[in-house]
Amino acid sequence: MRIVCVGGGPAGLYFAISAKLRDAGHQITVLERDPPQATYGWGVVYWDDLLDVLYRNDPKSAREITACSMIWQDQEIRLHNARREETAYFSGYGYSMARAALLEILARRASQLDIDLRYGCQVDDLSRLPEADLLVAADGANSRIRERDRDLFGTHVELGRNLYIWLGTNKVFTSFVFSFERTSAGWIWFHAYPSVSGISTCIVECSPETWQGLGLDTLGDDGGLRLLEGIFQGALDGHHLISRSRGAPASWQHFAHVSNATWYHGSTVLAGDAAHTTHFTLGSGTRLAMIDAIVLAHSLTEYLDLPSALREYDRHRRAELHPQQAAARTSMAWFEHLDLDDSDAVSLAYAMSVRHGGQPPWHYQLHLATQNASVRRARRAFASGRRWYLARHRGEPLAASPRAAR
Ligand SMILES: Cc1cc2nc3c(=O)[nH]c(=O)nc-3n(C[C@H](O)[C@H](O)[C@H](O)COP(=O)(O)OP(=O)(O)OC[C@H]3O[C@@H](n4cnc5c(N)ncnc54)[C@H](O)[C@@H]3O)c2cc1C
């Protein structure tokens, strides 16, 4: 089959890899507007469930992904107002890696598989695309291909209320840290986690009132960064914030929550953020994009005719996404309606950990116990054993295991 894929992000590249691994006869072209090694954003987090899937689908790239990843332990919630500074904890571990490193691994793998990967190819005019039996729109949340036919796809885009900016910092975090600071204009906070050796990701978020009250709407790139460094001086231990990863400098955004009534039309199919977005506080957009890629590639081999393959991909994946998008909206709304003035860190951490509901009755007692350092150590030891078991079970070599941040 001749396949053209617009967008060389996780969805486009991993779809090309997954389809080619299933049928070496496919002729696949990936068109990416950016030059090689240029990308927006910093690190992305993920968990064991993604690694299990990646190791089953393509162990070769999965090994490289784990070898380039960091492991973080525990989540820390810091609350700092004029009266006091408090920290609370919840347990758990996860992984993170630089988005740029992930794309490099996937691009290298795509080239090994003879996929025609063309950089610097901005697709504006769809009539000038190479001829193809299938067009995969993996061109991200603002997908041009989807927008052209938004009525046919039944596209719905809703902007979040808060503003966020996706930054890096040379402060090394070893845990996933939320740091809430009270300013004269209201609360502002960051979500931070390790990305690569010596660098952490730091997403800053606040309400529009705080954003304007602090002057972040008028300060410009450098001025805004210096102001944030001042506000978070304690939380960052005086380290710097970094705006530019490899592409253009980061800018303040409202999160766009994208959904579609259908993910295909004729021989055009949506994958990844073009089809659906999930708020970054869920940390799952990359995982979902890569799983879309696998399911689409699998559907193409399972069903002999293209319409059935696309119909089944759409039916199966859209149903799976429904609860994830609902959870993402709940999470986005939770951060938009935070009332921090009367909060203490332990209650805030508990509320954050149960924001999706479905917790057992003893969860609160466990949360209180987790505030004790020796309980945290015991839970960390148990988690390390579990991680070790899962890693061996999926065939992750010790030499390719994620490293702890330091
Ligand atoms: C602040 C923030 C934090 C996040 N953190 C996490 C996290 O921790 N974990 C996680 O799993 N996910 C996270 N995500 C989500 C994740 O980044 C996305 O879900 C993921 O990148 C989607 O992959 P994609 O391939 O669909 O789209 P993208 O990664 O956006 O890739 C689309 C590609 O298409 C290209 N393109 C666009 N238009 C054209 C065109 N016209 N012609 C040619 N090329 C084009 C773009 O240059 C881009 O390379 C986060 C997102 C944000 C905003």
# chains A, B, ... in the order shown; residues from 1 in each chain; ligands from 1
call {"tool": "residues_near_ligand", "arguments": {"ligand": "ligand 1", "cutoff": "7 Å", "atoms": "only C-alpha atoms and all ligand atoms", "output": "number ranges by chain"}}
result
A: 6-12, 31-34, 39, 41, 43-46, 121-124, 138-141, 143-144, 165-166, 203, 255, 271-274, 277-278, 280, 283-287, 289
call {"tool": "write_last_selection", "arguments": {"atoms": "N, CA and C atoms", "output": "compact mmCIF listing (two decimals), in the first residue's frame"}}
result
# COMPACT_ATOMS: atom_id res chain seq x y z
N VAL A 6 1.36 12.69 7.25
CA VAL A 6 1.76 14.08 7.47
C VAL A 6 2.00 14.28 8.96
N GLY A 7 3.25 14.64 9.31
CA GLY A 7 3.62 14.83 10.71
C GLY A 7 4.58 13.76 11.17
N GLY A 8 5.77 14.18 11.59
CA GLY A 8 6.79 13.25 12.09
C GLY A 8 6.94 13.38 13.58
N GLY A 9 5.80 13.41 14.31
CA GLY A 9 5.81 13.36 15.78
C GLY A 9 5.71 11.89 16.19
N PRO A 10 5.44 11.62 17.48
CA PRO A 10 5.33 10.23 17.93
C PRO A 10 4.29 9.43 17.15
N ALA A 11 3.13 10.03 16.85
CA ALA A 11 2.07 9.27 16.15
C ALA A 11 2.52 8.90 14.74
N GLY A 12 3.02 9.88 13.98
CA GLY A 12 3.37 9.63 12.58
C GLY A 12 4.54 8.66 12.46
N LEU A 31 5.98 13.12 5.98
CA LEU A 31 6.33 14.52 5.67
C LEU A 31 6.30 15.33 6.97
N GLU A 32 7.43 15.91 7.30
CA GLU A 32 7.53 16.68 8.56
C GLU A 32 7.99 18.10 8.22
N ARG A 33 7.28 19.09 8.75
CA ARG A 33 7.60 20.48 8.38
C ARG A 33 8.91 20.98 9.00
N ASP A 34 9.26 20.47 10.19
CA ASP A 34 10.47 20.96 10.86
C ASP A 34 11.71 20.31 10.27
N THR A 39 12.44 20.40 17.60
CA THR A 39 11.10 20.09 18.09
C THR A 39 10.73 21.02 19.23
N GLY A 41 8.86 21.64 23.04
CA GLY A 41 8.61 20.89 24.28
C GLY A 41 9.84 20.25 24.88
N GLY A 43 10.45 17.35 28.39
CA GLY A 43 10.30 15.92 28.65
C GLY A 43 8.84 15.48 28.70
N VAL A 44 8.64 14.18 28.45
CA VAL A 44 7.30 13.60 28.62
C VAL A 44 7.40 12.42 29.60
N VAL A 45 6.37 12.28 30.42
CA VAL A 45 6.37 11.17 31.37
C VAL A 45 5.56 10.01 30.81
N TYR A 46 5.86 8.84 31.29
CA TYR A 46 5.08 7.66 30.91
C TYR A 46 5.28 6.60 31.98
N CYS A 121 9.24 19.67 5.09
CA CYS A 121 8.12 19.57 4.13
C CYS A 121 6.83 20.02 4.80
N GLN A 122 6.58 21.28 4.78
CA GLN A 122 5.32 21.80 5.36
C GLN A 122 4.20 21.52 4.36
N VAL A 123 3.19 20.78 4.79
CA VAL A 123 2.08 20.47 3.88
C VAL A 123 1.03 21.57 4.01
N ASP A 124 0.89 22.37 2.96
CA ASP A 124 -0.13 23.42 2.95
C ASP A 124 -1.24 23.07 1.98
N ALA A 138 -1.22 12.94 11.03
CA ALA A 138 -0.60 12.87 12.36
C ALA A 138 0.08 14.21 12.60
N ASP A 139 -0.62 15.28 12.20
CA ASP A 139 -0.01 16.62 12.23
C ASP A 139 -0.42 17.42 13.47
N GLY A 140 -0.69 16.71 14.56
CA GLY A 140 -0.79 17.38 15.86
C GLY A 140 -2.15 18.02 16.15
N ALA A 141 -2.21 18.69 17.31
CA ALA A 141 -3.48 19.22 17.82
C ALA A 141 -4.12 20.24 16.88
N SER A 143 -4.03 20.16 13.63
CA SER A 143 -4.02 19.48 12.33
C SER A 143 -4.70 20.26 11.20
N ARG A 144 -3.92 20.57 10.21
CA ARG A 144 -4.43 21.30 9.04
C ARG A 144 -5.37 20.39 8.24
N ILE A 165 3.01 27.31 30.28
CA ILE A 165 4.18 27.43 29.40
C ILE A 165 5.09 26.24 29.69
N TRP A 166 5.59 25.60 28.62
CA TRP A 166 6.36 24.34 28.72
C TRP A 166 7.85 24.71 28.69
N ILE A 203 6.72 22.82 33.78
CA ILE A 203 5.54 23.43 33.14
C ILE A 203 4.91 24.38 34.16
N PHE A 255 -4.60 25.28 26.88
CA PHE A 255 -4.62 23.91 26.37
C PHE A 255 -5.85 23.71 25.47
N ALA A 271 -4.67 10.43 13.61
CA ALA A 271 -3.98 9.69 14.68
C ALA A 271 -3.31 10.68 15.62
N GLY A 272 -3.18 10.28 16.89
CA GLY A 272 -2.51 11.13 17.88
C GLY A 272 -3.31 12.38 18.18
N ASP A 273 -2.59 13.47 18.46
CA ASP A 273 -3.24 14.72 18.86
C ASP A 273 -4.19 15.26 17.80
N ALA A 274 -4.00 14.90 16.54
CA ALA A 274 -4.94 15.35 15.50
C ALA A 274 -6.33 14.77 15.79
N THR A 277 -6.89 15.14 22.10
CA THR A 277 -5.83 15.56 23.03
C THR A 277 -6.29 15.22 24.45
N THR A 278 -5.30 15.05 25.34
CA THR A 278 -5.62 14.81 26.75
C THR A 278 -4.74 15.78 27.54
N PHE A 280 -2.27 17.88 29.73
CA PHE A 280 -0.92 17.44 30.09
C PHE A 280 -0.81 16.94 31.53
N GLY A 283 -0.49 13.34 31.58
CA GLY A 283 0.78 12.78 31.10
C GLY A 283 0.59 11.57 30.20
N SER A 284 -0.31 11.65 29.24
CA SER A 284 -0.57 10.44 28.46
C SER A 284 -0.69 10.67 26.96
N GLY A 285 -0.55 11.90 26.47
CA GLY A 285 -0.76 12.17 25.04
C GLY A 285 0.18 11.40 24.14
N THR A 286 1.44 11.28 24.55
CA THR A 286 2.42 10.56 23.72
C THR A 286 2.10 9.07 23.72
N ARG A 287 1.78 8.55 24.90
CA ARG A 287 1.41 7.12 25.00
C ARG A 287 0.22 6.83 24.09
N ALA A 289 -0.86 8.50 21.52
CA ALA A 289 -0.50 8.67 20.10
C ALA A 289 0.20 7.41 19.60
call {"tool": "residues_around", "arguments": {"residues": "Tyr40 (chain A)", "least_positions_apart": "3", "cutoff": "7 Å", "atoms": "only C-alpha atoms", "output": "PyMOL selection string"}}
result
chain A and resi 245-248
call {"tool": "write_last_selection", "arguments": {"atoms": "C-alpha atoms", "output": "mmCIF file, in the first residue's frame"}}
result
data_model
loop_
_atom_site.group_PDB
_atom_site.id
_atom_site.type_symbol
_atom_site.label_atom_id
_atom_site.label_comp_id
_atom_site.auth_asym_id
_atom_site.auth_seq_id
_atom_site.Cartn_x
_atom_site.Cartn_y
_atom_site.Cartn_z
ATOM 1 C CA SER A 245 14.513 23.334 23.731
ATOM 2 C CA ARG A 246 15.383 22.813 20.059
ATOM 3 C CA GLY A 247 12.726 24.736 18.209
ATOM 4 C CA ALA A 248 11.277 28.207 18.780
#
call {"tool": "closest_residue", "arguments": {"among": "A:Val177, A:Leu134, A:Leu102, A:Leu129", "to": "Ala297 (chain A)", "atoms": "only C-alpha atoms"}}
result
A:Leu134
call {"tool": "residues_around", "arguments": {"residues": "Trp211 (chain A)", "least_positions_apart": "2", "cutoff": "9 Å", "atoms": "only C-alpha atoms", "output": "short mmCIF file (atom, residue, chain, number, x, y, z; two decimals) with N, CA and C atoms, in the first residue's frame"}}
result
data_model
loop_
_atom_site.label_atom_id
_atom_site.label_comp_id
_atom_site.auth_asym_id
_atom_site.auth_seq_id
_atom_site.Cartn_x
_atom_site.Cartn_y
_atom_site.Cartn_z
N ASN A 162 -6.99 28.09 32.08
CA ASN A 162 -5.67 28.47 32.58
C ASN A 162 -4.67 28.65 31.44
N LEU A 163 -3.57 29.33 31.76
CA LEU A 163 -2.46 29.43 30.80
C LEU A 163 -1.30 28.59 31.30
N ALA A 185 -0.59 38.61 42.93
CA ALA A 185 -1.65 38.54 41.91
C ALA A 185 -2.39 37.21 41.95
N GLY A 186 -2.09 36.37 42.92
CA GLY A 186 -2.78 35.06 43.00
C GLY A 186 -1.78 33.92 42.92
N ILE A 188 0.34 30.67 41.50
CA ILE A 188 0.98 30.20 40.28
C ILE A 188 1.77 28.94 40.69
N GLU A 205 1.95 27.00 35.32
CA GLU A 205 0.52 27.18 35.03
C GLU A 205 -0.09 28.19 36.00
N CYS A 206 -1.04 28.99 35.53
CA CYS A 206 -1.77 29.90 36.42
C CYS A 206 -3.09 30.31 35.75
N SER A 207 -3.92 31.00 36.52
CA SER A 207 -5.19 31.49 35.96
C SER A 207 -4.90 32.73 35.11
N PRO A 208 -5.84 33.12 34.22
CA PRO A 208 -5.62 34.33 33.41
C PRO A 208 -5.49 35.58 34.28
N GLU A 209 -6.20 35.60 35.42
CA GLU A 209 -6.14 36.78 36.30
C GLU A 209 -4.73 36.94 36.87
N GLY A 213 -2.20 39.85 36.11
CA GLY A 213 -1.82 40.59 37.32
C GLY A 213 -0.30 40.65 37.50
N LEU A 214 0.39 39.59 37.09
CA LEU A 214 1.86 39.57 37.22
C LEU A 214 2.53 40.27 36.04
N GLY A 215 1.74 40.60 35.02
CA GLY A 215 2.31 41.29 33.84
C GLY A 215 2.92 40.31 32.84
N LEU A 216 2.61 39.02 32.99
CA LEU A 216 3.22 38.04 32.08
C LEU A 216 2.70 38.20 30.65
N ASP A 217 1.58 38.92 30.49
CA ASP A 217 1.04 39.16 29.15
C ASP A 217 1.84 40.22 28.41
#
call {"tool": "select_by_dssp", "arguments": {"residues": "region 153-397 of chain A", "states": "helix (DSSP H, G or I)", "output": "MDAnalysis selection string"}}
result
chainID A and resid 153 208:213 220:231 272:274 280:282 285:302 306:336 345:353 363:370 373:394
call {"tool": "atom_distance", "arguments": {"atom1": "CA of Gln365 (chain A)", "atom2": "CA of Tyr89 (chain A)"}}
result
13.2 Å
call {"tool": "atom_distance", "arguments": {"atom1": "CA of Leu300 (chain A)", "atom2": "CA of Leu113 (chain A)"}}
result
17.7 Å
call {"tool": "residues_around", "arguments": {"residues": "region 258-260 of chain A", "least_positions_apart": "4", "cutoff": "10 Å", "atoms": "only C-alpha atoms", "output": "ChimeraX atom specification"}}
result
/A:141-142,146,150-159,264,270,273-279,318,321-322,325
call {"tool": "write_last_selection", "arguments": {"atoms": "C-alpha atoms", "output": "PDB file, in the first residue's frame"}}
result
ATOM      1  CA  ALA A 141      -3.478  19.215  17.818  1.00  0.00           C
ATOM      2  CA  ASN A 142      -3.858  21.992  15.211  1.00  0.00           C
ATOM      3  CA  ARG A 146      -8.471  17.735  10.010  1.00  0.00           C
ATOM      4  CA  ARG A 150     -13.685  19.615  10.273  1.00  0.00           C
ATOM      5  CA  ASP A 151     -17.410  19.223   9.533  1.00  0.00           C
ATOM      6  CA  LEU A 152     -16.849  15.727   8.158  1.00  0.00           C
ATOM      7  CA  PHE A 153     -14.746  14.717  11.168  1.00  0.00           C
ATOM      8  CA  GLY A 154     -17.140  16.436  13.602  1.00  0.00           C
ATOM      9  CA  THR A 155     -14.268  18.304  15.236  1.00  0.00           C
ATOM     10  CA  HIS A 156     -14.790  19.945  18.605  1.00  0.00           C
ATOM     11  CA  VAL A 157     -12.043  22.120  20.129  1.00  0.00           C
ATOM     12  CA  GLU A 158     -12.391  23.649  23.579  1.00  0.00           C
ATOM     13  CA  LEU A 159      -9.732  25.872  25.115  1.00  0.00           C
ATOM     14  CA  TYR A 264     -11.663   8.773   9.339  1.00  0.00           C
ATOM     15  CA  LEU A 270      -6.517  10.879  12.097  1.00  0.00           C
ATOM     16  CA  ASP A 273      -3.237  14.718  18.859  1.00  0.00           C
ATOM     17  CA  ALA A 274      -4.937  15.351  15.502  1.00  0.00           C
ATOM     18  CA  ALA A 275      -7.644  12.914  16.649  1.00  0.00           C
ATOM     19  CA  HIS A 276      -7.748  13.673  20.387  1.00  0.00           C
ATOM     20  CA  THR A 277      -5.833  15.560  23.033  1.00  0.00           C
ATOM     21  CA  THR A 278      -5.616  14.813  26.753  1.00  0.00           C
ATOM     22  CA  HIS A 279      -4.617  17.533  29.195  1.00  0.00           C
ATOM     23  CA  ARG A 318     -12.393   6.011  19.878  1.00  0.00           C
ATOM     24  CA  LEU A 321     -10.205   7.118  24.285  1.00  0.00           C
ATOM     25  CA  HIS A 322     -13.568   8.134  25.681  1.00  0.00           C
ATOM     26  CA  GLN A 325     -10.512  12.142  27.539  1.00  0.00           C
TER      27      GLN A 325
END
call {"tool": "closest_residue", "arguments": {"among": "A:Glu320, A:Asp58, A:Asp314, A:Asp23", "to": "Thr301 (chain A)", "atoms": "only C-alpha atoms"}}
result
A:Asp23
call {"tool": "closest_residue", "arguments": {"among": "A:Tyr14, A:Phe180, A:Tyr193, A:Trp42", "to": "Arg406 (chain A)", "atoms": "only C-alpha atoms"}}
result
A:Tyr193
call {"tool": "closest_residue", "arguments": {"among": "A:Arg56, A:His26, A:Lys20, A:His257", "to": "Arg2 (chain A)", "atoms": "only C-alpha atoms"}}
result
A:His26
